[in-house]
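Student: See final_36.tsv below, with TSV, C-alpha atoms.
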chain	number	residue	atom	x	y	z
O	16	MET	CA	86.56	74.40	67.36
O	17	LEU	CA	86.94	78.14	66.72
O	18	ASN	CA	90.13	77.48	64.75
O	19	GLY	CA	88.30	74.87	62.70
O	20	MET	CA	85.48	77.30	61.92
O	21	ALA	CA	87.99	79.97	60.88
O	22	THR	CA	89.67	77.52	58.49
O	23	ILE	CA	86.32	76.53	56.98
O	24	PHE	CA	85.37	80.19	56.51
O	25	ARG	CA	88.73	81.00	54.90
O	26	ASN	CA	88.44	78.03	52.54
O	27	TYR	CA	84.90	79.12	51.69
O	28	LYS	CA	86.11	82.62	50.81
O	29	GLN	CA	88.86	81.16	48.63
O	30	ALA	CA	86.32	78.95	46.88
O	31	VAL	CA	84.07	81.94	46.25
O	32	VAL	CA	86.94	83.97	44.79
O	33	SER	CA	88.10	80.98	42.73
O	34	SER	CA	84.63	80.41	41.28
O	35	ARG	CA	84.28	84.12	40.52
O	36	ALA	CA	87.59	84.03	38.62
O	37	PHE	CA	85.94	82.11	35.81
O	38	ALA	CA	82.63	83.93	35.91
O	39	ASP	CA	82.98	87.61	36.86
O	40	PHE	CA	86.61	88.63	36.43
O	41	THR	CA	87.85	90.36	33.30
O	42	PRO	CA	90.45	88.01	31.76
O	43	LYS	CA	92.29	90.73	29.83
O	44	ALA	CA	92.30	94.53	29.66
O	45	SER	CA	94.12	97.25	27.76
O	46	PHE	CA	95.62	100.26	29.55
O	47	GLU	CA	96.92	103.64	28.45
O	48	ILE	CA	100.55	104.07	29.45
O	49	LYS	CA	102.76	107.14	29.47
O	50	LYS	CA	104.39	107.82	26.12
O	51	CYS	CA	108.18	107.45	26.15
O	52	ASP	CA	110.49	110.28	25.20
O	53	VAL	CA	112.70	109.06	22.34
O	54	HIS	CA	116.17	109.83	21.03
O	55	ARG	CA	117.32	108.86	17.51
O	56	LEU	CA	114.19	106.76	17.00
O	57	GLU	CA	111.36	107.41	14.55
O	58	GLU	CA	108.88	105.91	16.98
O	59	GLY	CA	108.91	104.39	20.44
O	60	PRO	CA	106.98	101.68	22.26
O	61	PRO	CA	103.16	101.63	21.99
O	62	GLY	CA	101.06	103.95	24.17
O	63	GLN	CA	98.84	101.04	25.23
O	64	ALA	CA	99.60	97.81	27.02
O	65	GLU	CA	97.57	94.65	27.39
O	66	LEU	CA	97.45	92.88	30.72
O	67	THR	CA	95.94	89.48	31.44
O	68	ARG	CA	94.56	88.64	34.84
O	69	GLU	CA	97.25	85.98	35.36
O	70	GLN	CA	100.02	88.40	34.44
O	71	GLY	CA	98.64	91.05	36.77
O	72	LEU	CA	98.47	88.70	39.74
O	73	HIS	CA	101.99	87.44	39.02
O	74	TYR	CA	103.40	90.97	38.77
O	75	TYR	CA	101.64	91.96	41.99
O	76	ARG	CA	102.92	88.95	43.92
O	77	THR	CA	106.48	89.46	42.68
O	78	MET	CA	106.61	93.20	43.47
O	79	GLN	CA	104.94	92.77	46.85
O	80	THR	CA	107.37	89.97	47.72
O	81	ILE	CA	110.33	92.22	46.89
O	82	ARG	CA	108.79	95.04	48.96
O	83	ARG	CA	108.23	92.80	52.01
O	84	MET	CA	111.65	91.20	51.64
O	85	GLU	CA	113.33	94.61	51.67
O	86	LEU	CA	111.34	95.74	54.71
O	87	LYS	CA	112.41	92.57	56.51
O	88	ALA	CA	116.03	93.26	55.54
O	89	ASP	CA	115.62	96.75	57.06
O	90	GLN	CA	114.37	95.17	60.29
O	91	LEU	CA	117.20	92.61	60.43
O	92	TYR	CA	119.78	95.32	59.77
O	93	LYS	CA	118.46	97.47	62.61
O	94	GLN	CA	118.66	94.40	64.86
O	95	LYS	CA	122.35	94.10	63.80
O	96	ILE	CA	121.73	90.66	62.33
O	97	ILE	CA	122.62	91.97	58.85
O	98	ARG	CA	125.94	93.83	58.86
O	99	GLY	CA	127.95	95.86	56.37
O	100	PHE	CA	126.62	97.42	53.19
O	101	CYS	CA	122.92	97.02	52.45
O	102	HIS	CA	121.16	98.93	49.65
O	103	LEU	CA	117.38	98.40	49.56
O	104	TYR	CA	115.14	98.40	46.47
O	105	ASP	CA	111.68	99.29	47.79
O	106	GLY	CA	109.96	101.79	45.52
O	107	GLN	CA	111.74	100.56	42.39
O	108	GLU	CA	110.00	97.17	42.08
O	109	ALA	CA	108.34	97.99	38.73
O	110	CYS	CA	111.79	98.21	37.11
O	111	ALA	CA	112.89	94.69	38.03
O	112	MET	CA	109.49	93.13	37.35
O	113	GLY	CA	108.88	94.97	34.08
O	114	ILE	CA	112.29	94.04	32.70
O	115	GLU	CA	111.96	90.38	33.64
O	116	ALA	CA	108.46	90.22	32.08
O	117	ALA	CA	109.88	91.42	28.75
O	118	ILE	CA	112.96	89.21	28.34
O	119	ASN	CA	113.64	85.48	28.27
O	120	PRO	CA	115.18	83.42	31.10
O	121	THR	CA	118.08	82.73	28.72
O	122	ASP	CA	118.80	86.47	28.37
O	123	HIS	CA	121.33	88.07	30.68
O	124	VAL	CA	121.13	90.67	33.46
O	125	ILE	CA	123.89	92.51	35.31
O	126	THR	CA	123.37	95.33	37.80
O	127	ALA	CA	125.01	97.42	40.51
O	128	TYR	CA	124.85	96.89	44.28
O	129	ARG	CA	121.09	97.54	44.69
O	130	ALA	CA	120.57	93.97	43.54
O	131	HIS	CA	118.10	92.15	45.82
O	132	GLY	CA	115.09	92.72	43.54
O	133	TYR	CA	116.86	91.42	40.44
O	134	THR	CA	118.20	88.44	42.34
O	135	TYR	CA	114.61	87.51	43.15
O	136	THR	CA	113.18	88.10	39.66
O	137	ARG	CA	115.99	85.99	38.22
O	138	GLY	CA	114.69	83.04	40.23
O	139	VAL	CA	116.47	82.98	43.60
O	140	PRO	CA	114.13	82.16	46.55
O	141	VAL	CA	113.66	84.75	49.29
O	142	LYS	CA	115.19	82.52	51.95
O	143	GLN	CA	118.47	82.25	50.00
O	144	ILE	CA	118.59	86.03	49.56
O	145	LEU	CA	117.96	86.77	53.24
O	146	ALA	CA	120.41	84.03	54.28
O	147	GLU	CA	123.04	85.66	52.08
O	148	LEU	CA	122.36	88.99	53.78
O	149	THR	CA	122.86	87.41	57.20
O	150	GLY	CA	126.04	85.61	56.04
O	151	ARG	CA	124.73	82.05	56.38
O	152	LYS	CA	125.73	78.84	54.64
O	153	GLY	CA	122.34	78.56	52.93
O	154	GLY	CA	122.73	81.92	51.16
O	155	ILE	CA	122.85	82.12	47.38
O	156	ALA	CA	126.63	82.82	47.53
O	157	LYS	CA	127.04	80.49	50.54
O	158	GLY	CA	127.15	83.44	52.93
O	159	LYS	CA	130.35	84.90	51.49
O	160	GLY	CA	128.95	87.51	49.12
O	161	GLY	CA	126.48	89.53	51.14
O	162	SER	CA	124.14	92.23	49.88
O	163	MET	CA	126.17	93.31	46.85
O	164	HIS	CA	127.34	89.95	45.51
O	165	MET	CA	124.48	87.59	44.64
O	166	TYR	CA	124.40	85.54	41.47
O	167	ALA	CA	122.07	83.16	39.61
O	168	PRO	CA	121.98	81.54	36.17
O	169	ASN	CA	122.31	84.37	33.61
O	170	PHE	CA	122.48	86.92	36.43
O	171	TYR	CA	125.93	88.35	37.04
O	172	GLY	CA	125.41	90.35	40.24
O	173	GLY	CA	125.47	92.55	42.27
O	174	ASN	CA	128.67	94.61	41.65
O	175	GLY	CA	130.15	96.80	44.36
O	176	ILE	CA	132.27	99.19	42.27
O	177	VAL	CA	130.27	102.13	40.92
O	178	GLY	CA	129.70	101.69	37.17
O	179	ALA	CA	132.05	98.69	36.85
O	180	GLN	CA	129.26	96.35	35.74
O	181	VAL	CA	128.59	98.36	32.56
O	182	PRO	CA	131.71	97.27	30.60
O	183	LEU	CA	131.10	93.74	31.92
O	184	GLY	CA	127.58	93.88	30.49
O	185	ALA	CA	128.98	94.98	27.14
O	186	GLY	CA	131.31	91.98	27.32
O	187	ILE	CA	128.39	89.62	27.97
O	188	ALA	CA	126.61	91.16	24.96
O	189	LEU	CA	129.78	90.58	22.90
O	190	ALA	CA	129.66	86.92	23.91
O	191	CYS	CA	126.00	86.75	22.80
O	192	LYS	CA	126.89	88.18	19.39
O	193	TYR	CA	129.95	85.94	19.05
O	194	LEU	CA	127.88	82.84	19.84
O	195	GLY	CA	125.00	83.96	17.59
O	196	ASN	CA	122.42	82.85	20.17
O	197	ASN	CA	119.94	85.75	19.66
O	198	GLN	CA	120.22	86.67	23.34
O	199	VAL	CA	120.52	90.15	24.85
O	200	CYS	CA	122.22	91.54	27.94
O	201	VAL	CA	120.39	94.01	30.17
O	202	THR	CA	123.09	96.21	31.72
O	203	LEU	CA	121.85	98.35	34.61
O	204	TYR	CA	123.39	101.28	36.46
O	205	GLY	CA	122.12	104.25	38.46
O	206	ASP	CA	122.08	107.98	37.88
O	207	GLY	CA	124.96	108.23	40.36
O	208	ALA	CA	127.15	106.15	38.03
O	209	ALA	CA	125.99	107.85	34.82
O	210	ASN	CA	128.95	110.27	34.69
O	211	GLN	CA	131.57	107.50	34.88
O	212	GLY	CA	134.02	107.45	31.99
O	213	GLN	CA	133.92	103.65	31.66
O	214	ILE	CA	130.22	103.85	30.79
O	215	PHE	CA	130.95	106.00	27.73
O	216	GLU	CA	133.77	103.67	26.70
O	217	ALA	CA	131.29	100.77	26.88
O	218	TYR	CA	128.78	102.77	24.79
O	219	ASN	CA	131.45	103.31	22.13
O	220	MET	CA	132.46	99.65	21.85
O	221	ALA	CA	128.84	98.47	21.90
O	222	ALA	CA	127.91	100.86	19.09
O	223	LEU	CA	131.00	100.04	17.00
O	224	TRP	CA	130.33	96.32	17.21
O	225	LYS	CA	126.52	96.54	17.21
O	226	LEU	CA	126.28	94.54	20.43
O	227	PRO	CA	122.85	93.31	21.66
O	228	CYS	CA	123.11	95.36	24.87
O	229	ILE	CA	120.26	97.22	26.58
O	230	PHE	CA	121.91	99.88	28.73
O	231	ILE	CA	119.47	100.92	31.47
O	232	CYS	CA	119.92	103.88	33.78
O	233	GLU	CA	117.67	103.52	36.84
O	234	ASN	CA	117.25	107.20	37.64
O	235	ASN	CA	115.95	107.29	41.21
O	236	LYS	CA	116.71	111.04	41.43
O	237	TYR	CA	119.57	110.82	43.94
O	238	GLY	CA	123.13	109.49	43.70
O	239	MET	CA	123.74	108.79	47.38
O	240	GLY	CA	122.66	112.14	48.88
O	241	THR	CA	123.12	114.28	45.77
O	242	SER	CA	120.20	115.13	43.51
O	243	VAL	CA	120.61	114.60	39.77
O	244	GLU	CA	120.32	118.36	39.18
O	245	ARG	CA	123.39	118.97	41.37
O	246	SER	CA	125.51	116.18	39.88
O	247	SER	CA	124.74	116.15	36.15
O	248	ALA	CA	124.99	119.00	33.64
O	249	SER	CA	122.41	117.10	31.57
O	250	THR	CA	119.77	115.00	33.30
O	251	ASP	CA	118.46	113.58	30.01
O	252	TYR	CA	120.20	110.27	30.66
O	253	TYR	CA	118.44	108.56	27.76
O	254	ARG	CA	120.27	110.96	25.38
O	255	ARG	CA	123.68	110.33	26.93
O	256	GLY	CA	124.53	107.62	24.40
O	257	ASP	CA	124.60	110.33	21.68
O	258	TYR	CA	124.88	107.96	18.67
O	259	ILE	CA	122.91	105.23	20.51
O	260	PRO	CA	119.08	105.38	20.34
O	261	GLY	CA	117.38	106.08	23.67
O	262	LEU	CA	114.07	105.97	25.56
O	263	ARG	CA	112.91	107.72	28.72
O	264	VAL	CA	110.36	105.52	30.51
O	265	ASP	CA	108.00	105.80	33.48
O	266	GLY	CA	109.88	103.46	35.81
O	267	MET	CA	107.07	103.44	38.40
O	268	ASP	CA	104.66	101.69	36.00
O	269	VAL	CA	105.38	97.99	35.48
O	270	LEU	CA	103.51	98.00	32.14
O	271	SER	CA	105.49	100.96	30.80
O	272	VAL	CA	108.75	99.24	31.76
O	273	ARG	CA	107.62	95.95	30.22
O	274	GLU	CA	106.61	97.49	26.89
O	275	ALA	CA	109.76	99.63	26.66
O	276	THR	CA	112.00	96.64	27.43
O	277	LYS	CA	110.21	94.52	24.82
O	278	PHE	CA	110.81	97.30	22.29
O	279	ALA	CA	114.49	97.53	23.29
O	280	ALA	CA	115.00	93.75	23.15
O	281	ASP	CA	113.41	93.58	19.69
O	282	HIS	CA	115.75	96.38	18.58
O	283	CYS	CA	118.79	94.42	19.76
O	284	ARG	CA	117.64	91.08	18.38
O	285	ALA	CA	117.09	92.69	14.97
O	286	GLY	CA	120.83	93.38	14.79
O	287	LYS	CA	120.51	97.15	15.18
O	288	GLY	CA	123.02	97.34	17.99
O	289	PRO	CA	122.65	98.73	21.52
O	290	ILE	CA	119.88	100.90	22.92
O	291	LEU	CA	119.73	103.06	26.04
O	292	MET	CA	116.80	103.30	28.45
O	293	GLU	CA	116.30	105.71	31.34
O	294	LEU	CA	113.79	104.49	33.92
O	295	GLU	CA	112.46	107.36	36.02
O	296	THR	CA	111.93	105.78	39.42
O	297	TYR	CA	112.29	106.48	43.15
O	298	ARG	CA	113.72	104.73	46.19
O	299	TYR	CA	111.86	105.00	49.49
O	300	HIS	CA	114.84	104.13	51.68
O	301	GLY	CA	118.07	106.11	51.82
O	302	HIS	CA	120.99	105.25	49.57
O	303	SER	CA	122.01	102.50	51.98
O	304	MET	CA	121.03	101.49	55.50
O	305	SER	CA	123.58	103.96	56.88
O	306	ASP	CA	121.67	106.82	55.19
O	307	PRO	CA	118.41	107.91	56.87
O	308	GLY	CA	117.38	109.39	53.52
O	309	VAL	CA	115.78	112.59	54.85
O	310	SER	CA	118.74	114.97	55.18
O	311	TYR	CA	118.70	115.85	51.46
O	312	ARG	CA	114.98	115.38	50.74
O	313	THR	CA	111.85	115.89	52.80
O	314	ARG	CA	109.57	113.29	54.29
O	315	GLU	CA	106.75	115.04	52.42
O	316	GLU	CA	108.48	114.38	49.10
O	317	ILE	CA	108.78	110.67	49.86
O	318	GLN	CA	105.16	110.49	51.02
O	319	GLU	CA	103.94	112.25	47.87
O	320	VAL	CA	105.63	109.67	45.65
O	321	ARG	CA	104.20	106.87	47.78
O	322	SER	CA	100.67	108.25	47.55
O	323	LYS	CA	100.68	109.16	43.85
O	324	SER	CA	103.10	106.84	42.06
O	325	ASP	CA	103.63	103.66	44.08
O	326	PRO	CA	104.13	100.84	41.54
O	327	ILE	CA	102.30	98.19	43.58
O	328	SER	CA	99.30	100.37	44.39
O	329	MET	CA	99.08	101.50	40.76
O	330	LEU	CA	98.85	97.93	39.47
O	331	LYS	CA	96.41	96.90	42.19
O	332	ASP	CA	94.11	99.88	41.48
O	333	ARG	CA	94.14	99.15	37.75
O	334	MET	CA	93.11	95.55	38.30
O	335	LEU	CA	90.38	96.40	40.82
O	336	SER	CA	88.90	99.20	38.72
O	337	ASN	CA	88.74	96.88	35.69
O	338	LYS	CA	87.27	93.96	37.69
O	339	MET	CA	90.32	91.81	37.01
O	340	ALA	CA	90.64	90.70	40.64
O	341	ALA	CA	88.93	90.96	44.03
O	342	MET	CA	90.27	92.76	47.08
O	343	GLU	CA	90.05	89.44	48.96
O	344	GLU	CA	92.59	87.95	46.56
O	345	PHE	CA	95.10	90.70	47.23
O	346	LYS	CA	94.58	90.35	50.99
O	347	GLU	CA	95.08	86.60	50.77
O	348	MET	CA	98.20	87.07	48.66
O	349	ASP	CA	99.58	89.63	51.11
O	350	SER	CA	99.04	87.17	53.94
O	351	GLU	CA	100.84	84.39	52.06
O	352	ILE	CA	103.74	86.71	51.25
O	353	ARG	CA	104.10	87.81	54.87
O	354	LYS	CA	104.21	84.16	55.93
O	355	GLU	CA	106.84	83.35	53.28
O	356	ILE	CA	109.01	86.28	54.40
O	357	GLU	CA	108.76	85.32	58.08
O	358	GLU	CA	109.73	81.71	57.30
O	359	ALA	CA	112.64	82.95	55.18
O	360	ALA	CA	113.79	85.24	58.00
O	361	LEU	CA	113.66	82.34	60.45
O	362	PHE	CA	115.87	80.30	58.12
O	363	ALA	CA	118.22	83.25	57.63
O	364	THR	CA	118.71	83.66	61.37
O	365	SER	CA	118.99	79.98	62.30
O	366	ASP	CA	121.04	78.54	59.44
O	367	PRO	CA	124.72	78.09	60.47
O	368	GLU	CA	127.48	80.37	59.25
O	369	PRO	CA	129.92	78.84	56.74
O	370	PRO	CA	132.82	77.04	58.46
O	371	LEU	CA	136.33	78.46	58.38
O	372	ASP	CA	137.59	75.59	56.21
O	373	ALA	CA	135.20	76.77	53.45
O	374	LEU	CA	136.70	80.28	53.42
O	375	CYS	CA	138.78	79.79	50.29
O	376	ASP	CA	136.48	77.48	48.33
O	377	HIS	CA	135.39	78.40	44.80
O	378	ILE	CA	138.38	80.61	44.00
O	379	PHE	CA	138.50	78.84	40.65
O	380	HIS	CA	135.66	77.20	38.77
O	381	ASN	CA	135.77	73.42	38.49
O	382	ASP	CA	139.43	73.09	39.43
O	383	LEU	CA	141.36	70.56	41.49
O	384	PRO	CA	141.78	71.37	45.20
O	385	LEU	CA	144.69	73.71	45.90
O	386	GLU	CA	146.45	75.20	48.88
O	387	VAL	CA	145.91	78.88	49.67
O	388	ARG	CA	148.25	80.84	51.94
O	389	GLY	CA	146.50	82.31	54.97
O	390	THR	CA	147.40	85.43	56.92
O	391	THR	CA	150.86	83.96	57.58
O	392	PRO	CA	153.12	81.82	55.31
O	393	TRP	CA	152.64	78.76	57.53
O	394	SER	CA	148.86	79.09	57.69
O	395	LYS	CA	147.45	77.00	54.87
O	396	LEU	CA	143.85	76.67	53.73
O	397	LYS	CA	142.32	74.36	51.17
O	398	SER	CA	140.32	75.59	48.18
O	399	SER	CA	138.01	73.29	46.26
O	400	SER	CA	135.40	73.96	43.60
Would you give me this structure, written as structure tokens?

Tutor:
Amino acid sequence: MLNGMATIFRNYKQAVVSSRAFADFTPKASFEIKKCDVHRLEEGPPGQAELTREQGLHYYRTMQTIRRMELKADQLYKQKIIRGFCHLYDGQEACAMGIEAAINPTDHVITAYRAHGYTYTRGVPVKQILAELTGRKGGIAKGKGGSMHMYAPNFYGGNGIVGAQVPLGAGIALACKYLGNNQVCVTLYGDGAANQGQIFEAYNMAALWKLPCIFICENNKYGMGTSVERSSASTDYYRRGDYIPGLRVDGMDVLSVREATKFAADHCRAGKGPILMELETYRYHGHSMSDPGVSYRTREEIQEVRSKSDPISMLKDRMLSNKMAAMEEFKEMDSEIRKEIEEAALFATSDPEPPLDALCDHIFHNDLPLEVRGTTPWSKLKSSS
């Protein structure tokens, strides 16, 4: 009976919130956002951003889901259920959400190895991401890719070699221009990769051919355990393209990222060639799960960013202060997200591992089955697509 009363009370609260949504909540509000620093541009994105109630709730749910998913991955790694490399994205959620909110599903995204957030915003369910991390058959890459190699339609990973995805992104943008489909490619890399020679070669080709490529440097202040000040003679990453226009953006504010990405996408679609964005952001975890993250920065520094600039808290506070949502809604959403993550974790720990006879599958796309030599000449495996 007590359980029944609790359900009735919860449904009543939901009904109250739902009825208030049409009566008391502000449907749309405008917010001041931090002005972008610009390079080779007469003007940058607007200093104000509009947010509807529906958009705000969607952004909150997405960012909170990424945050909870990454915390669950941390837990599974410490339990030795996830093995190998694992680079977590908590703290940087506004980057992935803001970019996705500004582009079309038909546009293209490629990133480095801190890829879980983008895998989710590109449409992959949490349970397939966690199952990939645990190496299970139900993972997005069938358990054979792991943390750094997840893919989805118009999402090209997850790339394990530092900076290697940047020329690939320029190549995807070349395909967009060749096909004349008015699509853009968002090509992401970190501050740790920003000094790679291949990045500057990609800049050069993209500028020569006016490719619709948005180069984005996610500057989370540390390349592994080295601060940007110790690794880069110039930390103005948005100016690094020289002849390519650039923007420096508040990467902790989902609205700032959204507006800047819209501006960049419009620039590319207008045939003006590539553009470079630097998103100033911060990761709460270490570089990877093998890095405690406090040997080269203080716990106080991390806590200060959490308390003053957390992207999820910032959005939540904006919506509450402008009467765009009720605290009960956020609590209910948080509860639903926790349940989704727990169910996904259960799937990721109970789903079977891929069988040995699937080891060599999908070497080629859409090809006839072929024999693959194993560890010895007489050991043969089948590959099918």

Student: Tell me which residues come within 10 Å of (115.3, 94.9, 55.3), as number ranges by chain, counting all atoms listed in the file in the file's coordinates.

Tutor: O: 82-93, 97, 101-105, 145, 148, 300, 304

Student: For Lys142 (chain O), find every residue with an atom within 9 Å (counting all atoms listed in the file), except residues of its own chain fewer than 2 positions away, and show them as a list in words.

Tutor: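 In the requested form, the answer reads Val139, Pro140, Ile144, Leu145, Ala146, Glu147, Gly153, Gly154, Ile155, Glu355, Ile356, Glu358, Ala359, Ala360, Leu361, Phe362 and Ala363 of chain O.
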
Student: Out of O:Glu65, O:Asp257, O:Glu316, O:Asp349, which residue has the shortest atom-to-atom distance to Leu291 (chain O) when counting only C-alpha atoms?

Tutor: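 Counting only C-alpha atoms, the residue closest to Leu291 (chain O) is O:Asp257.
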
Student: Counting only C-alpha atoms, what is within 9 Å of Tyr311 (chain O), bar same-chain residues fewer than 5 positions away, as a PDB file with C-alpha atoms, in the coordinates of the input?

Tutor:
ATOM      1  CA  GLY O 240     122.660 112.140  48.880  1.00  0.00           C
ATOM      2  CA  THR O 241     123.120 114.280  45.770  1.00  0.00           C
ATOM      3  CA  SER O 242     120.200 115.130  43.510  1.00  0.00           C
TER       4      SER O 242
END

Student: Expressed in Å to a single decimal, how great is the separation between CA of Tyr218 (chain O) and CA of Gly256 (chain O)?

Tutor: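 Taking CA of Tyr218 (chain O) as the start and CA of Gly256 (chain O) as the end point, the length is 6.5 Å.
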
Student: Would you pick out the contacts of region 171-177 of chain O at 7 Å or less, using all atoms listed in the file, so that residues sharing its chain but fewer than 4 positions from it are not included, and give the list as a ChimeraX atom specification?

Tutor: /O:124-128,130,163-167,208

Student: Could you please determine the separation between CA of Leu270 (chain O) and CA of Tyr133 (chain O) in Å, to one decimal place?

Tutor: 17.0 Å

Student: Check the smallest atom-to-atom distance from each of O:Leu330, O:Pro227, O:Tyr258, O:Thr313 to Leu56 (chain O) using only C-alpha atoms, then report the winner.

Tutor: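 Closest candidate: O:Tyr258.
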
Student: For a test of reading the model, state the distance in Å between CA of Ser246 (chain O) and CA of Gln180 (chain O), rounded to one decimal.

Tutor: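 That distance, rounded to one decimal, is 20.6 Å.
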
Student: Using all atoms listed in the file, can you list as a list in words the residues within 12 Å of (127.5, 118.0, 38.8)?

Tutor: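 Output: Asp206, Gly207, Ala208, Ala209, Asn210, Gln211, Tyr237, Gly238, Thr241, Ser242, Val243, Glu244, Arg245, Ser246, Ser247, Ala248, Ser249 and Thr250 of chain O.
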